[in-house]
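Notes to accompany the following structure.
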Amino acid sequence: MRERELIVYRNLQDGGLLHDMAWLMDHYEAAGARGAAAQSGETPREETDKDAMASVFYGCIHRLIDLAGMYGFRGNLWHCYLADLLVNNENSYSCGCEIRGEIDGTINEAVLHDIVIFKEFYDYDFGPMCEALGVPEFSMVENYHSSSRESKVYNRRICARICELAEKFSKDHTPEEMKATLTQFYKEYGVGRLGLHKSFRVERDESGVKIVPILNIAHVSLDNLIGYEIPKRKLTENTEAFVEGRKANNCLLFGDAGTGKSSCIKAIANEYYERGLRIIEVYKHQFRDLNEVISQIKNRNYRFIIYMDDLSFEEFEIEYKYLKAVIEGGLEKKPENVLIYATSNRRHLIRENYGDREEIRQDMHTGDTVQEKLSLVHRFGVTIYFGAPDKKQFQAIVKGLAERSGLDMPEEELLSEANKWELAHGGLSGRSAQQFIDHMLGQKRIE
């Protein structure tokens, strides 16, 4: 096998299994012949090459089944493994094709050369190897039924797409068709962790700053948020412009607690994923890493929203200065494929006190102090207010949530119980309405 002749797809994630399988494909025939001779008494009855190779083969089967448990693969695990190698390899071709489709140039010849090799692996008949080495158990990984447990690496949607890609490759008769199928996958879903996942968090270890996928994000949509039509429209208009490559602004969602600010961010992550939008969540203590995060994403074809939830600063906290420099003010221009969205209960983000007023001269340059504290919020071009609902709006939210969840109660009783709930659980808000509906559904199950 020719895995060492790969040109573009050389640095493969978890490529050790591929090399072991290629080695078995190249050497099993000779080992099988020596093993047959040993059994006939022509050579000493010691551990033969056949036994050693069978052990390696069993090890490969173990790794494929282990990958199925980790990734959630099903069907032909060997094919799924090969497909996973191709969709996770970030190279000049795959990154160029993400979101945009096939690119021009000689790179296509080099990629086709590699796909020819991958198709040889894909179409390989393991029957003779299984017979020669006495390992019939390989048939298990050729038709594997996965458990219902969640994948530890992918969510179900991503896992299903990789398994579907593996099945599509089986229908491709030529390397050219296989390359076209792979390129279409890159266009529709992207490549690597940034392509396959919707949302991410930032982590730092001894090797530096890493952008790590969030496997499970709530599947909410903007329609799930009852009311707030004007705020939702402002948010979608700005996000739509950004995704389409038009001018857009950094956005601050502020207002009362429990009014759906964070839910709106999750909703746009779901709604615009197919069009190349990705969300990266960053916490306040990570603002020093923002430049490193941006450097890792600025040359990709996706659109990134750096998301900061519940953003606010006390007077003694200075992390906001890093954020100000990144948003607007540093020497390096912020990339066009990056915006910053934040949610906060505070309109001005940084705590202010009466000592900041000009009438109280605790600071010789009080006006400068006020401007310093307001300068951060002024760097958000779009500010969207989410206010707590009044009694009538709260009841409309309760009725809408009850209908959506299938909670069957007389309206008078429903609203009466909802009013009791909000008085004891945080007041009028969309969050308390949802908590009330969840409580009532739980009570119904108990009954």
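Each chain in the structure tokens gets a letter, A, B, ..., in the order shown, and its residues are numbered from 1; ligands are numbered from 1 in order too.
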Notebook entry, point to check: Ala418 of chain A: which residues within 12 Å, counting only C-alpha atoms, same-chain residues fewer than 6 positions away excluded, as a ChimeraX atom specification?
Noted result: /A:391-392,394-399,401-402,409,411-412,424-430,432-440
Save the residues we just selected, C-alpha atoms, as an mmCIF file, in the first residue's frame?
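Output (part_37.cif):
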data_model
loop_
_atom_site.group_PDB
_atom_site.id
_atom_site.type_symbol
_atom_site.label_atom_id
_atom_site.label_comp_id
_atom_site.auth_asym_id
_atom_site.auth_seq_id
_atom_site.Cartn_x
_atom_site.Cartn_y
_atom_site.Cartn_z
ATOM 1 C CA LYS A 391 -47.967 40.927 33.639
ATOM 2 C CA LYS A 392 -49.820 40.609 30.331
ATOM 3 C CA PHE A 394 -45.634 37.241 31.060
ATOM 4 C CA GLN A 395 -48.967 35.474 30.789
ATOM 5 C CA ALA A 396 -48.651 35.362 26.998
ATOM 6 C CA ILE A 397 -45.234 33.732 27.373
ATOM 7 C CA VAL A 398 -46.649 31.173 29.822
ATOM 8 C CA LYS A 399 -49.513 30.297 27.482
ATOM 9 C CA LEU A 401 -44.751 27.736 26.376
ATOM 10 C CA ALA A 402 -47.565 25.588 27.715
ATOM 11 C CA MET A 409 -54.450 22.825 31.768
ATOM 12 C CA GLU A 411 -56.147 28.675 31.100
ATOM 13 C CA GLU A 412 -57.486 30.230 34.294
ATOM 14 C CA ALA A 424 -41.835 33.207 44.729
ATOM 15 C CA HIS A 425 -39.290 32.569 41.969
ATOM 16 C CA GLY A 426 -37.639 35.686 40.633
ATOM 17 C CA GLY A 427 -40.506 37.765 39.323
ATOM 18 C CA LEU A 428 -41.712 38.387 35.777
ATOM 19 C CA SER A 429 -39.303 36.991 33.198
ATOM 20 C CA GLY A 430 -39.125 34.483 30.395
ATOM 21 C CA SER A 432 -39.291 32.102 35.420
ATOM 22 C CA ALA A 433 -42.050 31.281 32.907
ATOM 23 C CA GLN A 434 -39.979 28.402 31.500
ATOM 24 C CA GLN A 435 -39.117 27.188 34.991
ATOM 25 C CA PHE A 436 -42.805 27.216 35.889
ATOM 26 C CA ILE A 437 -43.716 25.150 32.814
ATOM 27 C CA ASP A 438 -40.914 22.666 33.591
ATOM 28 C CA HIS A 439 -42.199 22.386 37.151
ATOM 29 C CA MET A 440 -45.767 21.735 36.013
#
Item checked: Selection: 12 Å around segment 224-232 of chain A, only C-alpha atoms, excl. self and same-chain fewer than 3 positions, as a PyMOL selection string -> chain A and resi 218-221+235-240+251-255+258-268+382-390+392-405+429-431+433-434
Keeping C-alpha atoms for every residue in the selection just given, could you write it to a file as a PDB file, in the first residue's frame?
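Result went into selection.pdb, see below:
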ATOM      1  CA  ALA A 218     -29.180  23.619  23.149  1.00  0.00           C
ATOM      2  CA  HIS A 219     -31.179  23.303  19.926  1.00  0.00           C
ATOM      3  CA  VAL A 220     -33.167  26.500  20.390  1.00  0.00           C
ATOM      4  CA  SER A 221     -34.355  28.817  17.662  1.00  0.00           C
ATOM      5  CA  LEU A 235     -29.990  40.891  16.181  1.00  0.00           C
ATOM      6  CA  THR A 236     -30.812  38.903  13.039  1.00  0.00           C
ATOM      7  CA  GLU A 237     -30.327  41.912  10.758  1.00  0.00           C
ATOM      8  CA  ASN A 238     -26.848  42.494  12.110  1.00  0.00           C
ATOM      9  CA  THR A 239     -25.962  38.797  12.023  1.00  0.00           C
ATOM     10  CA  GLU A 240     -27.395  38.368   8.517  1.00  0.00           C
ATOM     11  CA  CYS A 251     -23.355  43.760  19.417  1.00  0.00           C
ATOM     12  CA  LEU A 252     -24.296  44.163  23.088  1.00  0.00           C
ATOM     13  CA  LEU A 253     -27.480  42.535  24.385  1.00  0.00           C
ATOM     14  CA  PHE A 254     -28.332  44.089  27.742  1.00  0.00           C
ATOM     15  CA  GLY A 255     -31.268  44.242  30.086  1.00  0.00           C
ATOM     16  CA  GLY A 258     -33.937  35.938  32.430  1.00  0.00           C
ATOM     17  CA  THR A 259     -35.196  37.757  29.343  1.00  0.00           C
ATOM     18  CA  GLY A 260     -33.579  35.522  26.712  1.00  0.00           C
ATOM     19  CA  LYS A 261     -30.326  37.291  25.853  1.00  0.00           C
ATOM     20  CA  SER A 262     -28.175  34.164  26.043  1.00  0.00           C
ATOM     21  CA  SER A 263     -30.878  32.091  24.358  1.00  0.00           C
ATOM     22  CA  CYS A 264     -30.755  34.439  21.375  1.00  0.00           C
ATOM     23  CA  ILE A 265     -27.032  33.794  20.967  1.00  0.00           C
ATOM     24  CA  LYS A 266     -27.585  30.027  21.060  1.00  0.00           C
ATOM     25  CA  ALA A 267     -30.371  30.451  18.524  1.00  0.00           C
ATOM     26  CA  ILE A 268     -28.239  32.296  15.972  1.00  0.00           C
ATOM     27  CA  VAL A 382     -25.395  47.788  18.093  1.00  0.00           C
ATOM     28  CA  THR A 383     -26.967  47.729  21.547  1.00  0.00           C
ATOM     29  CA  ILE A 384     -30.196  45.784  22.044  1.00  0.00           C
ATOM     30  CA  TYR A 385     -32.384  46.100  25.122  1.00  0.00           C
ATOM     31  CA  PHE A 386     -34.232  43.124  26.629  1.00  0.00           C
ATOM     32  CA  GLY A 387     -36.685  44.322  29.273  1.00  0.00           C
ATOM     33  CA  ALA A 388     -38.656  42.268  31.756  1.00  0.00           C
ATOM     34  CA  PRO A 389     -42.205  41.556  30.538  1.00  0.00           C
ATOM     35  CA  ASP A 390     -45.214  43.112  32.191  1.00  0.00           C
ATOM     36  CA  LYS A 392     -49.820  40.609  30.331  1.00  0.00           C
ATOM     37  CA  GLN A 393     -46.671  39.741  28.384  1.00  0.00           C
ATOM     38  CA  PHE A 394     -45.634  37.241  31.060  1.00  0.00           C
ATOM     39  CA  GLN A 395     -48.967  35.474  30.789  1.00  0.00           C
ATOM     40  CA  ALA A 396     -48.651  35.362  26.998  1.00  0.00           C
ATOM     41  CA  ILE A 397     -45.234  33.732  27.373  1.00  0.00           C
ATOM     42  CA  VAL A 398     -46.649  31.173  29.822  1.00  0.00           C
ATOM     43  CA  LYS A 399     -49.513  30.297  27.482  1.00  0.00           C
ATOM     44  CA  GLY A 400     -47.177  29.980  24.506  1.00  0.00           C
ATOM     45  CA  LEU A 401     -44.751  27.736  26.376  1.00  0.00           C
ATOM     46  CA  ALA A 402     -47.565  25.588  27.715  1.00  0.00           C
ATOM     47  CA  GLU A 403     -48.998  25.079  24.247  1.00  0.00           C
ATOM     48  CA  ARG A 404     -45.581  24.257  22.784  1.00  0.00           C
ATOM     49  CA  SER A 405     -44.778  21.728  25.509  1.00  0.00           C
ATOM     50  CA  SER A 429     -39.303  36.991  33.198  1.00  0.00           C
ATOM     51  CA  GLY A 430     -39.125  34.483  30.395  1.00  0.00           C
ATOM     52  CA  ARG A 431     -36.832  32.345  32.523  1.00  0.00           C
ATOM     53  CA  ALA A 433     -42.050  31.281  32.907  1.00  0.00           C
ATOM     54  CA  GLN A 434     -39.979  28.402  31.500  1.00  0.00           C
TER      55      GLN A 434
END
Notebook entry, point to check: Can you list, as a PyMOL selection string, every residue of segment 92-340 of chain A that DSSP puts in helix (DSSP H, G or I)?
Noted result: chain A and resi 92-97+107-122+127-133+136-142+156-171+175-189+192-196+222-224+229-243+261-271+273-275+284-297+319-327
Next item on the list: For atom CA of Glu98 of chain A and atom CA of Val293 of chain A, determine how far apart the two atoms are, in Å to one decimal place.
Entry: 19.5 Å
Skip Phe169 of chain A itself and residues of its chain fewer than 4 positions away, then list as an mmCIF file with C-alpha atoms, in the first residue's frame all residues within 9 Å of it, counting only C-alpha atoms.
data_model
loop_
_atom_site.group_PDB
_atom_site.id
_atom_site.type_symbol
_atom_site.label_atom_id
_atom_site.label_comp_id
_atom_site.auth_asym_id
_atom_site.auth_seq_id
_atom_site.Cartn_x
_atom_site.Cartn_y
_atom_site.Cartn_z
ATOM 1 C CA HIS A 79 -14.739 3.235 5.988
ATOM 2 C CA ALA A 83 -13.765 9.320 6.056
ATOM 3 C CA LYS A 119 -9.689 4.709 -2.626
ATOM 4 C CA TYR A 122 -11.390 2.088 0.825
ATOM 5 C CA GLU A 164 -23.241 9.215 5.595
ATOM 6 C CA LEU A 165 -20.073 10.419 3.858
ATOM 7 C CA HIS A 173 -16.781 4.317 -8.713
ATOM 8 C CA GLU A 177 -16.083 10.932 -8.014
ATOM 9 C CA MET A 178 -14.716 10.370 -4.515
ATOM 10 C CA THR A 181 -17.960 13.986 -2.937
ATOM 11 C CA LEU A 182 -15.310 15.048 -0.433
#
